[in-house]
Structure formats: structure tokens, C-alpha cells
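Visitor: Sharing start-v8.pdb (PDB, C-alpha atoms) below.
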ATOM      1  CA  MET S   1     -30.366 -13.426  -9.629  1.00  0.00           C
ATOM      2  CA  PRO S   2     -30.602 -10.760 -12.371  1.00  0.00           C
ATOM      3  CA  GLU S   3     -30.867 -12.702 -15.577  1.00  0.00           C
ATOM      4  CA  CYS S   4     -29.906  -9.658 -17.648  1.00  0.00           C
ATOM      5  CA  PHE S   5     -26.255 -10.601 -17.195  1.00  0.00           C
ATOM      6  CA  ALA S   6     -24.653 -12.794 -19.856  1.00  0.00           C
ATOM      7  CA  TRP S   7     -23.425 -15.459 -17.428  1.00  0.00           C
ATOM      8  CA  PRO S   8     -21.882 -17.875 -19.944  1.00  0.00           C
ATOM      9  CA  ALA S   9     -19.666 -15.071 -21.300  1.00  0.00           C
ATOM     10  CA  ILE S  10     -18.912 -13.767 -17.795  1.00  0.00           C
ATOM     11  CA  LYS S  11     -17.907 -17.244 -16.658  1.00  0.00           C
ATOM     12  CA  ARG S  12     -15.748 -17.731 -19.762  1.00  0.00           C
ATOM     13  CA  ASP S  13     -13.900 -14.440 -19.129  1.00  0.00           C
ATOM     14  CA  PHE S  14     -13.422 -15.314 -15.467  1.00  0.00           C
ATOM     15  CA  ASP S  15     -12.023 -18.763 -16.270  1.00  0.00           C
ATOM     16  CA  THR S  16      -9.681 -17.353 -18.934  1.00  0.00           C
ATOM     17  CA  ASN S  17      -8.459 -14.184 -17.255  1.00  0.00           C
ATOM     18  CA  GLY S  18      -8.901 -14.927 -13.545  1.00  0.00           C
ATOM     19  CA  PHE S  19     -11.076 -11.843 -13.072  1.00  0.00           C
ATOM     20  CA  VAL S  20     -14.155 -10.188 -14.516  1.00  0.00           C
ATOM     21  CA  ARG S  21     -16.057  -6.928 -14.082  1.00  0.00           C
ATOM     22  CA  ILE S  22     -19.868  -7.009 -13.917  1.00  0.00           C
ATOM     23  CA  PRO S  23     -21.127  -3.438 -14.464  1.00  0.00           C
ATOM     24  CA  GLY S  24     -24.247  -2.401 -12.607  1.00  0.00           C
ATOM     25  CA  PHE S  25     -24.449  -5.474 -10.397  1.00  0.00           C
ATOM     26  CA  LEU S  26     -26.223  -3.295  -7.850  1.00  0.00           C
ATOM     27  CA  ALA S  27     -28.650  -0.596  -8.949  1.00  0.00           C
ATOM     28  CA  PRO S  28     -27.554   2.971  -8.156  1.00  0.00           C
ATOM     29  CA  ALA S  29     -29.998   3.248  -5.249  1.00  0.00           C
ATOM     30  CA  GLN S  30     -28.733  -0.028  -3.756  1.00  0.00           C
ATOM     31  CA  ALA S  31     -25.100   1.046  -4.085  1.00  0.00           C
ATOM     32  CA  ALA S  32     -25.921   4.403  -2.486  1.00  0.00           C
ATOM     33  CA  GLU S  33     -27.653   2.635   0.402  1.00  0.00           C
ATOM     34  CA  ALA S  34     -24.635   0.379   0.956  1.00  0.00           C
ATOM     35  CA  ALA S  35     -22.390   3.450   1.032  1.00  0.00           C
ATOM     36  CA  ARG S  36     -24.729   5.164   3.493  1.00  0.00           C
ATOM     37  CA  ARG S  37     -24.745   2.114   5.763  1.00  0.00           C
ATOM     38  CA  LEU S  38     -20.957   2.030   5.711  1.00  0.00           C
ATOM     39  CA  GLU S  39     -20.832   5.686   6.776  1.00  0.00           C
ATOM     40  CA  MET S  40     -23.191   4.855   9.660  1.00  0.00           C
ATOM     41  CA  PHE S  41     -21.030   1.880  10.620  1.00  0.00           C
ATOM     42  CA  ILE S  42     -17.903   4.034  10.772  1.00  0.00           C
ATOM     43  CA  ARG S  43     -19.678   6.722  12.789  1.00  0.00           C
ATOM     44  CA  ASP S  44     -21.681   4.572  15.216  1.00  0.00           C
ATOM     45  CA  ILE S  45     -20.067   1.128  15.446  1.00  0.00           C
ATOM     46  CA  VAL S  46     -16.338   1.523  14.836  1.00  0.00           C
ATOM     47  CA  PRO S  47     -15.801   3.359  18.169  1.00  0.00           C
ATOM     48  CA  LYS S  48     -17.281   0.334  19.990  1.00  0.00           C
ATOM     49  CA  ILE S  49     -15.537  -2.607  18.311  1.00  0.00           C
ATOM     50  CA  PRO S  50     -12.097  -4.080  19.087  1.00  0.00           C
ATOM     51  CA  ALA S  51      -9.235  -2.004  17.722  1.00  0.00           C
ATOM     52  CA  ARG S  52      -7.759  -5.087  16.001  1.00  0.00           C
ATOM     53  CA  GLU S  53     -10.717  -5.091  13.574  1.00  0.00           C
ATOM     54  CA  VAL S  54      -9.985  -1.628  12.157  1.00  0.00           C
ATOM     55  CA  TYR S  55      -6.907  -0.593  10.164  1.00  0.00           C
ATOM     56  CA  TYR S  56      -5.924   3.019   9.466  1.00  0.00           C
ATOM     57  CA  GLU S  57      -3.462   4.834   7.257  1.00  0.00           C
ATOM     58  CA  ILE S  58      -3.191   7.400  10.063  1.00  0.00           C
ATOM     59  CA  GLU S  59      -4.002   5.732  13.368  1.00  0.00           C
ATOM     60  CA  GLY S  60      -7.254   6.863  14.950  1.00  0.00           C
ATOM     61  CA  ARG S  61      -8.411   9.115  12.113  1.00  0.00           C
ATOM     62  CA  ALA S  62     -11.765   7.850  10.856  1.00  0.00           C
ATOM     63  CA  ASP S  63     -11.279   9.511   7.475  1.00  0.00           C
ATOM     64  CA  THR S  64      -8.180   7.367   6.886  1.00  0.00           C
ATOM     65  CA  ILE S  65      -9.660   3.937   7.680  1.00  0.00           C
ATOM     66  CA  LYS S  66      -8.380   1.494   5.067  1.00  0.00           C
ATOM     67  CA  SER S  67     -10.086  -1.668   6.260  1.00  0.00           C
ATOM     68  CA  ILE S  68     -12.747  -2.919   8.650  1.00  0.00           C
ATOM     69  CA  THR S  69     -12.601  -6.697   8.863  1.00  0.00           C
ATOM     70  CA  SER S  70     -15.834  -7.493  10.675  1.00  0.00           C
ATOM     71  CA  LEU S  71     -18.772  -5.702   9.058  1.00  0.00           C
ATOM     72  CA  ALA S  72     -21.093  -8.717   9.010  1.00  0.00           C
ATOM     73  CA  GLU S  73     -20.366  -9.623  12.617  1.00  0.00           C
ATOM     74  CA  HIS S  74     -21.546  -6.230  13.889  1.00  0.00           C
ATOM     75  CA  ASP S  75     -24.222  -5.202  11.388  1.00  0.00           C
ATOM     76  CA  PRO S  76     -26.725  -7.664   9.867  1.00  0.00           C
ATOM     77  CA  TYR S  77     -27.157  -5.389   6.858  1.00  0.00           C
ATOM     78  CA  PHE S  78     -23.747  -6.390   5.490  1.00  0.00           C
ATOM     79  CA  ARG S  79     -24.208 -10.053   6.415  1.00  0.00           C
ATOM     80  CA  ASP S  80     -27.533 -10.150   4.591  1.00  0.00           C
ATOM     81  CA  LEU S  81     -26.180  -8.227   1.593  1.00  0.00           C
ATOM     82  CA  TYR S  82     -23.432 -10.716   0.777  1.00  0.00           C
ATOM     83  CA  ASN S  83     -25.501 -13.729   1.833  1.00  0.00           C
ATOM     84  CA  GLY S  84     -28.286 -12.592  -0.456  1.00  0.00           C
ATOM     85  CA  GLU S  85     -29.320 -14.590  -3.489  1.00  0.00           C
ATOM     86  CA  ASN S  86     -27.568 -12.341  -6.019  1.00  0.00           C
ATOM     87  CA  PHE S  87     -24.075 -12.553  -4.513  1.00  0.00           C
ATOM     88  CA  ILE S  88     -24.256 -16.251  -3.655  1.00  0.00           C
ATOM     89  CA  ALA S  89     -25.537 -17.084  -7.129  1.00  0.00           C
ATOM     90  CA  ALA S  90     -22.780 -15.029  -8.783  1.00  0.00           C
ATOM     91  CA  ALA S  91     -20.024 -16.699  -6.755  1.00  0.00           C
ATOM     92  CA  SER S  92     -21.485 -20.160  -7.245  1.00  0.00           C
ATOM     93  CA  ARG S  93     -21.836 -19.674 -10.996  1.00  0.00           C
ATOM     94  CA  LEU S  94     -18.269 -18.464 -11.355  1.00  0.00           C
ATOM     95  CA  LEU S  95     -16.790 -21.228  -9.175  1.00  0.00           C
ATOM     96  CA  GLY S  96     -19.071 -23.863 -10.679  1.00  0.00           C
ATOM     97  CA  ALA S  97     -20.473 -25.121  -7.348  1.00  0.00           C
ATOM     98  CA  PRO S  98     -22.237 -23.772  -4.229  1.00  0.00           C
ATOM     99  CA  ALA S  99     -20.188 -21.219  -2.272  1.00  0.00           C
ATOM    100  CA  ARG S 100     -20.738 -18.814   0.618  1.00  0.00           C
ATOM    101  CA  PRO S 101     -18.774 -15.971   2.274  1.00  0.00           C
ATOM    102  CA  PRO S 102     -17.322 -16.407   5.755  1.00  0.00           C
ATOM    103  CA  SER S 103     -16.986 -12.645   6.344  1.00  0.00           C
ATOM    104  CA  VAL S 104     -17.408  -9.199   4.808  1.00  0.00           C
ATOM    105  CA  HIS S 105     -14.695  -6.512   4.841  1.00  0.00           C
ATOM    106  CA  GLN S 106     -14.472  -2.875   3.898  1.00  0.00           C
ATOM    107  CA  LEU S 107     -11.490  -1.852   1.778  1.00  0.00           C
ATOM    108  CA  ASN S 108     -10.666   1.783   1.171  1.00  0.00           C
ATOM    109  CA  LYS S 109      -8.022   3.954  -0.409  1.00  0.00           C
ATOM    110  CA  PRO S 110      -8.398   7.086   1.734  1.00  0.00           C
ATOM    111  CA  ALA S 111      -8.150  10.391  -0.091  1.00  0.00           C
ATOM    112  CA  LYS S 112      -4.623  11.877  -0.259  1.00  0.00           C
ATOM    113  CA  VAL S 113      -2.983   9.214   1.952  1.00  0.00           C
ATOM    114  CA  GLY S 114      -4.044   5.858   0.481  1.00  0.00           C
ATOM    115  CA  LYS S 115      -0.970   3.637   0.122  1.00  0.00           C
ATOM    116  CA  PRO S 116      -0.338   0.968  -2.535  1.00  0.00           C
ATOM    117  CA  THR S 117      -1.390  -2.606  -1.919  1.00  0.00           C
ATOM    118  CA  GLN S 118       1.517  -4.811  -2.892  1.00  0.00           C
ATOM    119  CA  LEU S 119       1.340  -7.758  -5.241  1.00  0.00           C
ATOM    120  CA  HIS S 120      -0.316 -10.816  -3.745  1.00  0.00           C
ATOM    121  CA  GLN S 121      -2.707 -13.690  -4.247  1.00  0.00           C
ATOM    122  CA  ASP S 122      -5.637 -13.931  -1.865  1.00  0.00           C
ATOM    123  CA  ALA S 123      -5.035 -17.670  -1.534  1.00  0.00           C
ATOM    124  CA  ALA S 124      -1.862 -16.855   0.435  1.00  0.00           C
ATOM    125  CA  TYR S 125      -4.106 -15.660   3.286  1.00  0.00           C
ATOM    126  CA  LEU S 126      -6.595 -18.540   3.247  1.00  0.00           C
ATOM    127  CA  SER S 127      -6.443 -21.859   5.059  1.00  0.00           C
ATOM    128  CA  PHE S 128      -8.446 -23.613   2.345  1.00  0.00           C
ATOM    129  CA  PRO S 129      -6.831 -25.410  -0.600  1.00  0.00           C
ATOM    130  CA  PRO S 130      -5.918 -22.981  -3.435  1.00  0.00           C
ATOM    131  CA  GLY S 131      -8.434 -22.799  -6.233  1.00  0.00           C
ATOM    132  CA  ASN S 132     -11.533 -23.195  -4.083  1.00  0.00           C
ATOM    133  CA  SER S 133     -12.463 -19.550  -3.628  1.00  0.00           C
ATOM    134  CA  LEU S 134     -12.924 -16.157  -5.206  1.00  0.00           C
ATOM    135  CA  THR S 135     -13.336 -12.584  -4.021  1.00  0.00           C
ATOM    136  CA  LEU S 136     -16.364 -10.466  -4.854  1.00  0.00           C
ATOM    137  CA  TRP S 137     -15.297  -6.794  -4.730  1.00  0.00           C
ATOM    138  CA  LEU S 138     -18.177  -4.300  -4.791  1.00  0.00           C
ATOM    139  CA  ALA S 139     -17.425  -0.673  -5.637  1.00  0.00           C
ATOM    140  CA  LEU S 140     -19.178   1.852  -3.397  1.00  0.00           C
ATOM    141  CA  GLU S 141     -17.266   4.777  -4.897  1.00  0.00           C
ATOM    142  CA  ALA S 142     -15.596   5.228  -8.251  1.00  0.00           C
ATOM    143  CA  ALA S 143     -12.334   3.320  -8.613  1.00  0.00           C
ATOM    144  CA  ALA S 144     -10.283   5.103 -11.259  1.00  0.00           C
ATOM    145  CA  SER S 145      -6.750   4.991 -12.619  1.00  0.00           C
ATOM    146  CA  ASP S 146      -5.619   7.752 -10.240  1.00  0.00           C
ATOM    147  CA  ASN S 147      -7.188   6.653  -6.932  1.00  0.00           C
ATOM    148  CA  GLY S 148      -6.453   2.954  -6.599  1.00  0.00           C
ATOM    149  CA  ALA S 149      -8.303   0.886  -9.183  1.00  0.00           C
ATOM    150  CA  MET S 150      -7.551  -2.843  -9.111  1.00  0.00           C
ATOM    151  CA  ILE S 151      -4.691  -4.075 -11.315  1.00  0.00           C
ATOM    152  CA  TYR S 152      -4.810  -7.770 -12.256  1.00  0.00           C
ATOM    153  CA  LEU S 153      -2.296  -9.993 -14.012  1.00  0.00           C
ATOM    154  CA  ARG S 154      -4.369 -11.746 -16.617  1.00  0.00           C
ATOM    155  CA  GLY S 155      -4.172 -15.546 -16.554  1.00  0.00           C
ATOM    156  CA  SER S 156      -2.033 -15.668 -13.409  1.00  0.00           C
ATOM    157  CA  HIS S 157      -4.589 -17.865 -11.612  1.00  0.00           C
ATOM    158  CA  LEU S 158      -3.547 -20.726 -13.885  1.00  0.00           C
ATOM    159  CA  ARG S 159       0.012 -20.785 -12.484  1.00  0.00           C
ATOM    160  CA  GLY S 160      -0.800 -21.934  -8.950  1.00  0.00           C
ATOM    161  CA  LEU S 161       0.116 -20.397  -5.622  1.00  0.00           C
ATOM    162  CA  GLN S 162       3.378 -18.446  -5.814  1.00  0.00           C
ATOM    163  CA  PRO S 163       5.869 -17.855  -2.960  1.00  0.00           C
ATOM    164  CA  HIS S 164       5.070 -14.894  -0.708  1.00  0.00           C
ATOM    165  CA  TYR S 165       7.024 -13.223   2.093  1.00  0.00           C
ATOM    166  CA  ASP S 166       5.981 -11.097   5.063  1.00  0.00           C
ATOM    167  CA  ASN S 167       6.693  -7.450   4.273  1.00  0.00           C
ATOM    168  CA  GLY S 168       6.015  -6.245   7.814  1.00  0.00           C
ATOM    169  CA  SER S 169       2.910  -4.246   6.989  1.00  0.00           C
ATOM    170  CA  ASN S 170       0.079  -4.125   9.503  1.00  0.00           C
ATOM    171  CA  TYR S 171      -2.329  -5.125   6.733  1.00  0.00           C
ATOM    172  CA  PHE S 172      -1.798  -7.090   3.507  1.00  0.00           C
ATOM    173  CA  ALA S 173       1.540  -8.231   4.881  1.00  0.00           C
ATOM    174  CA  LYS S 174       1.953 -11.082   2.393  1.00  0.00           C
ATOM    175  CA  GLU S 175       3.737  -9.931  -0.744  1.00  0.00           C
ATOM    176  CA  LEU S 176       4.731 -11.837  -3.851  1.00  0.00           C
ATOM    177  CA  ALA S 177       8.399 -12.822  -3.662  1.00  0.00           C
ATOM    178  CA  ALA S 178       9.085 -12.404  -7.396  1.00  0.00           C
ATOM    179  CA  TYR S 179       7.200 -10.663 -10.190  1.00  0.00           C
ATOM    180  CA  GLU S 180       7.975  -9.892 -13.823  1.00  0.00           C
ATOM    181  CA  GLY S 181       4.618  -8.503 -14.859  1.00  0.00           C
ATOM    182  CA  TYR S 182       5.200  -4.759 -14.483  1.00  0.00           C
ATOM    183  CA  GLY S 183       4.492  -3.126 -17.828  1.00  0.00           C
ATOM    184  CA  SER S 184       3.264  -6.377 -19.326  1.00  0.00           C
ATOM    185  CA  PRO S 185       0.229  -6.240 -21.626  1.00  0.00           C
ATOM    186  CA  ASP S 186      -1.269  -8.838 -19.279  1.00  0.00           C
ATOM    187  CA  GLU S 187      -1.398  -6.316 -16.424  1.00  0.00           C
ATOM    188  CA  ILE S 188      -4.942  -4.976 -16.660  1.00  0.00           C
ATOM    189  CA  ARG S 189      -6.251  -1.999 -14.700  1.00  0.00           C
ATOM    190  CA  VAL S 190      -9.975  -2.388 -14.046  1.00  0.00           C
ATOM    191  CA  CYS S 191     -11.873   0.791 -13.213  1.00  0.00           C
ATOM    192  CA  ALA S 192     -15.281   0.548 -11.580  1.00  0.00           C
ATOM    193  CA  ALA S 193     -18.320   2.727 -10.895  1.00  0.00           C
ATOM    194  CA  PRO S 194     -20.460   2.483  -7.754  1.00  0.00           C
ATOM    195  CA  GLY S 195     -22.468  -0.734  -7.939  1.00  0.00           C
ATOM    196  CA  ASP S 196     -20.027  -2.520 -10.252  1.00  0.00           C
ATOM    197  CA  LEU S 197     -18.819  -5.913  -9.082  1.00  0.00           C
ATOM    198  CA  LEU S 198     -15.312  -7.252  -9.651  1.00  0.00           C
ATOM    199  CA  ALA S 199     -14.770 -10.974  -9.195  1.00  0.00           C
ATOM    200  CA  HIS S 200     -11.279 -12.427  -9.044  1.00  0.00           C
ATOM    201  CA  HIS S 201      -9.978 -15.916  -8.410  1.00  0.00           C
ATOM    202  CA  SER S 202      -8.056 -16.486  -5.174  1.00  0.00           C
ATOM    203  CA  LEU S 203      -4.952 -17.321  -7.237  1.00  0.00           C
ATOM    204  CA  THR S 204      -5.097 -14.204  -9.433  1.00  0.00           C
ATOM    205  CA  ILE S 205      -2.120 -11.911  -8.837  1.00  0.00           C
ATOM    206  CA  HIS S 206      -3.237  -8.338  -8.207  1.00  0.00           C
ATOM    207  CA  ARG S 207      -2.204  -5.012  -6.716  1.00  0.00           C
ATOM    208  CA  THR S 208      -3.309  -1.396  -6.392  1.00  0.00           C
ATOM    209  CA  GLU S 209      -1.461   1.897  -6.561  1.00  0.00           C
ATOM    210  CA  ASP S 210      -1.650   4.787  -4.117  1.00  0.00           C
ATOM    211  CA  ASN S 211      -4.329   7.457  -3.887  1.00  0.00           C
ATOM    212  CA  ARG S 212      -3.174  11.050  -3.829  1.00  0.00           C
ATOM    213  CA  THR S 213      -6.467  12.467  -5.094  1.00  0.00           C
ATOM    214  CA  GLU S 214      -9.201  14.236  -3.121  1.00  0.00           C
ATOM    215  CA  ARG S 215     -11.484  11.198  -3.640  1.00  0.00           C
ATOM    216  CA  SER S 216     -11.658   8.107  -1.448  1.00  0.00           C
ATOM    217  CA  ARG S 217     -12.197   4.672  -3.028  1.00  0.00           C
ATOM    218  CA  ASN S 218     -14.432   2.601  -0.783  1.00  0.00           C
ATOM    219  CA  ALA S 219     -15.385  -0.965  -1.609  1.00  0.00           C
ATOM    220  CA  LEU S 220     -16.805  -4.040   0.098  1.00  0.00           C
ATOM    221  CA  ILE S 221     -15.211  -7.461  -0.316  1.00  0.00           C
ATOM    222  CA  ALA S 222     -15.970 -11.027   0.679  1.00  0.00           C
ATOM    223  CA  ASP S 223     -14.095 -14.242  -0.046  1.00  0.00           C
ATOM    224  CA  PHE S 224     -16.556 -16.867  -1.242  1.00  0.00           C
ATOM    225  CA  ILE S 225     -15.370 -20.397  -0.516  1.00  0.00           C
ATOM    226  CA  LEU S 226     -16.793 -23.568  -2.011  1.00  0.00           C
ATOM    227  CA  ASP S 227     -19.027 -25.431   0.416  1.00  0.00           C
ATOM    228  CA  SER S 228     -17.144 -28.600  -0.490  1.00  0.00           C
ATOM    229  CA  ALA S 229     -13.819 -27.008   0.544  1.00  0.00           C
ATOM    230  CA  LYS S 230     -15.276 -25.972   3.892  1.00  0.00           C
ATOM    231  CA  ASP S 231     -16.512 -29.520   4.437  1.00  0.00           C
ATOM    232  CA  ARG S 232     -13.027 -30.929   3.771  1.00  0.00           C
ATOM    233  CA  ASP S 233     -11.382 -28.366   6.031  1.00  0.00           C
ATOM    234  CA  ASP S 234     -13.723 -29.243   8.906  1.00  0.00           C
TER     235      ASP S 234
END
Now, as a test, write the supplied structure out as C-alpha cells.
Guide:
Amino acid sequence: MPECFAWPAIKRDFDTNGFVRIPGFLAPAQAAEAARRLEMFIRDIVPKIPAREVYYEIEGRADTIKSITSLAEHDPYFRDLYNGENFIAAASRLLGAPARPPSVHQLNKPAKVGKPTQLHQDAAYLSFPPGNSLTLWLALEAAASDNGAMIYLRGSHLRGLQPHYDNGSNYFAKELAAYEGYGSPDEIRVCAAPGDLLAHHSLTIHRTEDNRTERSRNALIADFILDSAKDRDD
């Protein structure tokens, strides 16, 4: 684990705000390699995997893929990346106990057609007890204010799991039933450069806006779940 990071301060920010950005978690060459491997996956593997594992903004157009849900299952590179010492140590430090990822996803805001992701808490999608997981979100391309950077509601992880409803979307269908945070000083937009890591608690309320720029916004994500929570669920 890179010891250059100030982990006590990072952990304190995560516990207080429900999210934290770790700049330069991957070196530029590592981030570029991850982006290259994703391009190869889309070109060579996506045509061969079940359609239910790939979500598009415009069905069938590879340049508008918004999510691939099974990277680690089809390519050991992505499994090994997120199961590597650096990611596991980061998640375990932030959660305060050993944790591992069950899967690795791609998340994208395709250029020109990327739609907003509505307000939600990741815990609404998980079968494990709330508070036992976090998401590690790795930027492969720049995430800026105009192409879908993450927007978090600071401190919202301390309020527990909120009611969600099914909005009928084919992806991220769970949406927060009520929200008063728009325009609040506690809504924080977090931009990221390739190789930056965003960590957010599974109870942190977050959203993204659309992408009408010429630039895509690719990222990798994995939900890290405490080993103890997995044991209880089994």
C-alpha cells in the first residue's frame, strides 16, 4: 500500500463526509493501462458475453456503453486489479476491518448522450446490512463539472438508509423518494483526473448530471463489503 497517503486524515474525512478523493491513487501509466484494457474488453469481449451484462444509452452502439457489470468474471486483469493489495488495503482502512470486492463494474458517461444518474444510496442495491460496505470509484478519464463528475451529499451516510422507489430505468432504477439537498452547501461536486480514486460509503447519497460534451467519462467501480458482513449473510 503506498504509504505516501495521509491515511489518518483520509479516514477522518471519509468518516465525517461519507466520501473522500485520493488523488493519484494509480500512477499515470497504471491508469492508462487500465483504460487500454477496458478498450480491449469492449472490442474483444463484449460481443461474446450475455447481453444482460452490458447497458447502453443507445442500444447496441459500443461508443454509448454506460455500464459493464462483469469485468472481473471475464478478464482476470480487472479481478486482480481490485483484489490487489492497494485497493483491499484502502477499503479495509476506510471501513476499519478487512473487506473485499465481490465484482468489478465499468461506469461511463458516454460523450454527447450520457444521461443523469438519479439520487440514490448504493446500500439500496445491496443485500448486506447497511453500513458494511463502500464503493471504490477509479477514474480512467477526467470527470469534470460538465461531463458527469460525482455529486455527493456531505454527511448523508450518518442518516441511515432512506426510502427509494423504482423509477423504471434499465439501470440505476432505485431512486431516492425525497430529497431536499439541491443547492445545499452540503452538495459537493468532486472532479477527478485519471488515476484518482473516490471512495464513498454505501449510505452516502449521490448523483451525477448528464454529459453533453465531446468527452466520455469512464470509471471502474467495485463495492467492497466487510468480510464479517459476508460471513453473517452466509
Visitor: With all atoms listed in the file as the basis for distance, which of S:Thr135, S:Asn108, S:Thr69, S:Thr117 is at the shortest distance from Ile88 of chain S?
Guide: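 Under the stated criterion, the closest residue is S:Thr135.
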Visitor: Show me, as AutoDock Vina command-line options, the centre and edge lengths in Å to one decimal of the axis-aligned box that covers every listed atom of segment 190-196 of chain S with 4 Å on each side.
Guide:
--center_x -16.2 --center_y 0.1 --center_z -10.9 --size_x 20.5 --size_y 13.2 --size_z 14.3
Visitor: Identify the residues around (-24.0, -8.5, 1.5) within a radius of 12 Å, measuring from only C-alpha atoms in the coordinates stated by the file, and give them as number ranges by chain.
Guide: S: 26, 30-31, 33-34, 37-38, 71-73, 75-88, 100-106, 136-138, 219-224
Visitor: So which residues get picked by the PyMOL selection byres ((chain S and resi 201) around 7) here, written as a list in words?
Guide: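 Evaluating the PyMOL selection byres ((chain S and resi 201) around 7) on these coordinates yields Gly18, Phe19, Ser133, Leu134, Thr135, His157, Ala199, His200, Ser202, Leu203 and Thr204 of chain S.
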Visitor: Take the residues that were just selected and, keeping C-alpha atoms, output them as a compact mmCIF listing (two decimals), in the frame of the given file.
Guide:
# COMPACT_ATOMS: atom_id res chain seq x y z
CA GLY S 18 -8.90 -14.93 -13.54
CA PHE S 19 -11.08 -11.84 -13.07
CA SER S 133 -12.46 -19.55 -3.63
CA LEU S 134 -12.92 -16.16 -5.21
CA THR S 135 -13.34 -12.58 -4.02
CA HIS S 157 -4.59 -17.86 -11.61
CA ALA S 199 -14.77 -10.97 -9.20
CA HIS S 200 -11.28 -12.43 -9.04
CA SER S 202 -8.06 -16.49 -5.17
CA LEU S 203 -4.95 -17.32 -7.24
CA THR S 204 -5.10 -14.20 -9.43
Visitor: List the residues sitting within 7 Å of (4.8, -13.8, 4.3) in the file's frame, using all atoms listed in the file, as an mmCIF file with C-alpha atoms, keeping the file's coordinate frame.
Guide:
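Saved result, selection_29.cif, follows:
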data_model
loop_
_atom_site.group_PDB
_atom_site.id
_atom_site.type_symbol
_atom_site.label_atom_id
_atom_site.label_comp_id
_atom_site.auth_asym_id
_atom_site.auth_seq_id
_atom_site.Cartn_x
_atom_site.Cartn_y
_atom_site.Cartn_z
ATOM 1 C CA HIS S 164 5.070 -14.894 -0.708
ATOM 2 C CA TYR S 165 7.024 -13.223 2.093
ATOM 3 C CA ASP S 166 5.981 -11.097 5.063
ATOM 4 C CA ASN S 167 6.693 -7.450 4.273
ATOM 5 C CA ALA S 173 1.540 -8.231 4.881
ATOM 6 C CA LYS S 174 1.953 -11.082 2.393
ATOM 7 C CA GLU S 175 3.737 -9.931 -0.744
#
Visitor: Report the residues retrieved by the PyMOL selection byres ((chain S and resi 125) around 10) from the displayed file, expressed as a PyMOL selection string.
Guide: chain S and resi 120-124+126-128+172-174+202
Visitor: Write the residues you've just listed into a file as a PDB file, keeping the file's coordinate frame, and include C-alpha atoms for each of them.
Guide:
ATOM      1  CA  HIS S 120      -0.316 -10.816  -3.745  1.00  0.00           C
ATOM      2  CA  GLN S 121      -2.707 -13.690  -4.247  1.00  0.00           C
ATOM      3  CA  ASP S 122      -5.637 -13.931  -1.865  1.00  0.00           C
ATOM      4  CA  ALA S 123      -5.035 -17.670  -1.534  1.00  0.00           C
ATOM      5  CA  ALA S 124      -1.862 -16.855   0.435  1.00  0.00           C
ATOM      6  CA  LEU S 126      -6.595 -18.540   3.247  1.00  0.00           C
ATOM      7  CA  SER S 127      -6.443 -21.859   5.059  1.00  0.00           C
ATOM      8  CA  PHE S 128      -8.446 -23.613   2.345  1.00  0.00           C
ATOM      9  CA  PHE S 172      -1.798  -7.090   3.507  1.00  0.00           C
ATOM     10  CA  ALA S 173       1.540  -8.231   4.881  1.00  0.00           C
ATOM     11  CA  LYS S 174       1.953 -11.082   2.393  1.00  0.00           C
ATOM     12  CA  SER S 202      -8.056 -16.486  -5.174  1.00  0.00           C
TER      13      SER S 202
END
Visitor: What would segment 66-81 of chain S look like with N, CA and C atoms restored, written as a CSV table (one decimal), keeping the file's coordinate frame?
Guide:
chain,number,residue,atom,x,y,z
S,66,LYS,N,-8.6,2.2,6.3
S,66,LYS,CA,-8.4,1.5,5.1
S,66,LYS,C,-9.1,0.1,5.1
S,67,SER,N,-9.4,-0.4,6.2
S,67,SER,CA,-10.1,-1.7,6.3
S,67,SER,C,-10.8,-1.9,7.6
S,68,ILE,N,-12.0,-2.4,7.5
S,68,ILE,CA,-12.7,-2.9,8.6
S,68,ILE,C,-13.0,-4.4,8.3
S,69,THR,N,-12.6,-5.3,9.2
S,69,THR,CA,-12.6,-6.7,8.9
S,69,THR,C,-13.8,-7.5,9.4
S,70,SER,N,-14.8,-6.8,10.0
S,70,SER,CA,-15.8,-7.5,10.7
S,70,SER,C,-17.2,-6.9,10.5
S,71,LEU,N,-17.5,-6.4,9.3
S,71,LEU,CA,-18.8,-5.7,9.1
S,71,LEU,C,-20.0,-6.6,9.4
S,72,ALA,N,-19.9,-7.8,8.9
S,72,ALA,CA,-21.1,-8.7,9.0
S,72,ALA,C,-21.3,-9.1,10.4
S,73,GLU,N,-20.2,-9.2,11.2
S,73,GLU,CA,-20.4,-9.6,12.6
S,73,GLU,C,-21.1,-8.6,13.5
S,74,HIS,N,-21.0,-7.3,13.1
S,74,HIS,CA,-21.5,-6.2,13.9
S,74,HIS,C,-22.8,-5.6,13.3
S,75,ASP,N,-23.1,-5.8,12.0
S,75,ASP,CA,-24.2,-5.2,11.4
S,75,ASP,C,-24.9,-6.2,10.4
S,76,PRO,N,-26.1,-6.7,10.7
S,76,PRO,CA,-26.7,-7.7,9.9
S,76,PRO,C,-27.0,-7.2,8.4
S,77,TYR,N,-27.0,-5.9,8.2
S,77,TYR,CA,-27.2,-5.4,6.9
S,77,TYR,C,-26.1,-6.0,5.9
S,78,PHE,N,-24.8,-5.9,6.3
S,78,PHE,CA,-23.7,-6.4,5.5
S,78,PHE,C,-23.7,-7.9,5.4
S,79,ARG,N,-24.1,-8.6,6.5
S,79,ARG,CA,-24.2,-10.1,6.4
S,79,ARG,C,-25.3,-10.4,5.4
S,80,ASP,N,-26.4,-9.8,5.5
S,80,ASP,CA,-27.5,-10.2,4.6
S,80,ASP,C,-27.2,-9.8,3.1
S,81,LEU,N,-26.5,-8.7,3.0
S,81,LEU,CA,-26.2,-8.2,1.6
S,81,LEU,C,-25.4,-9.3,0.9
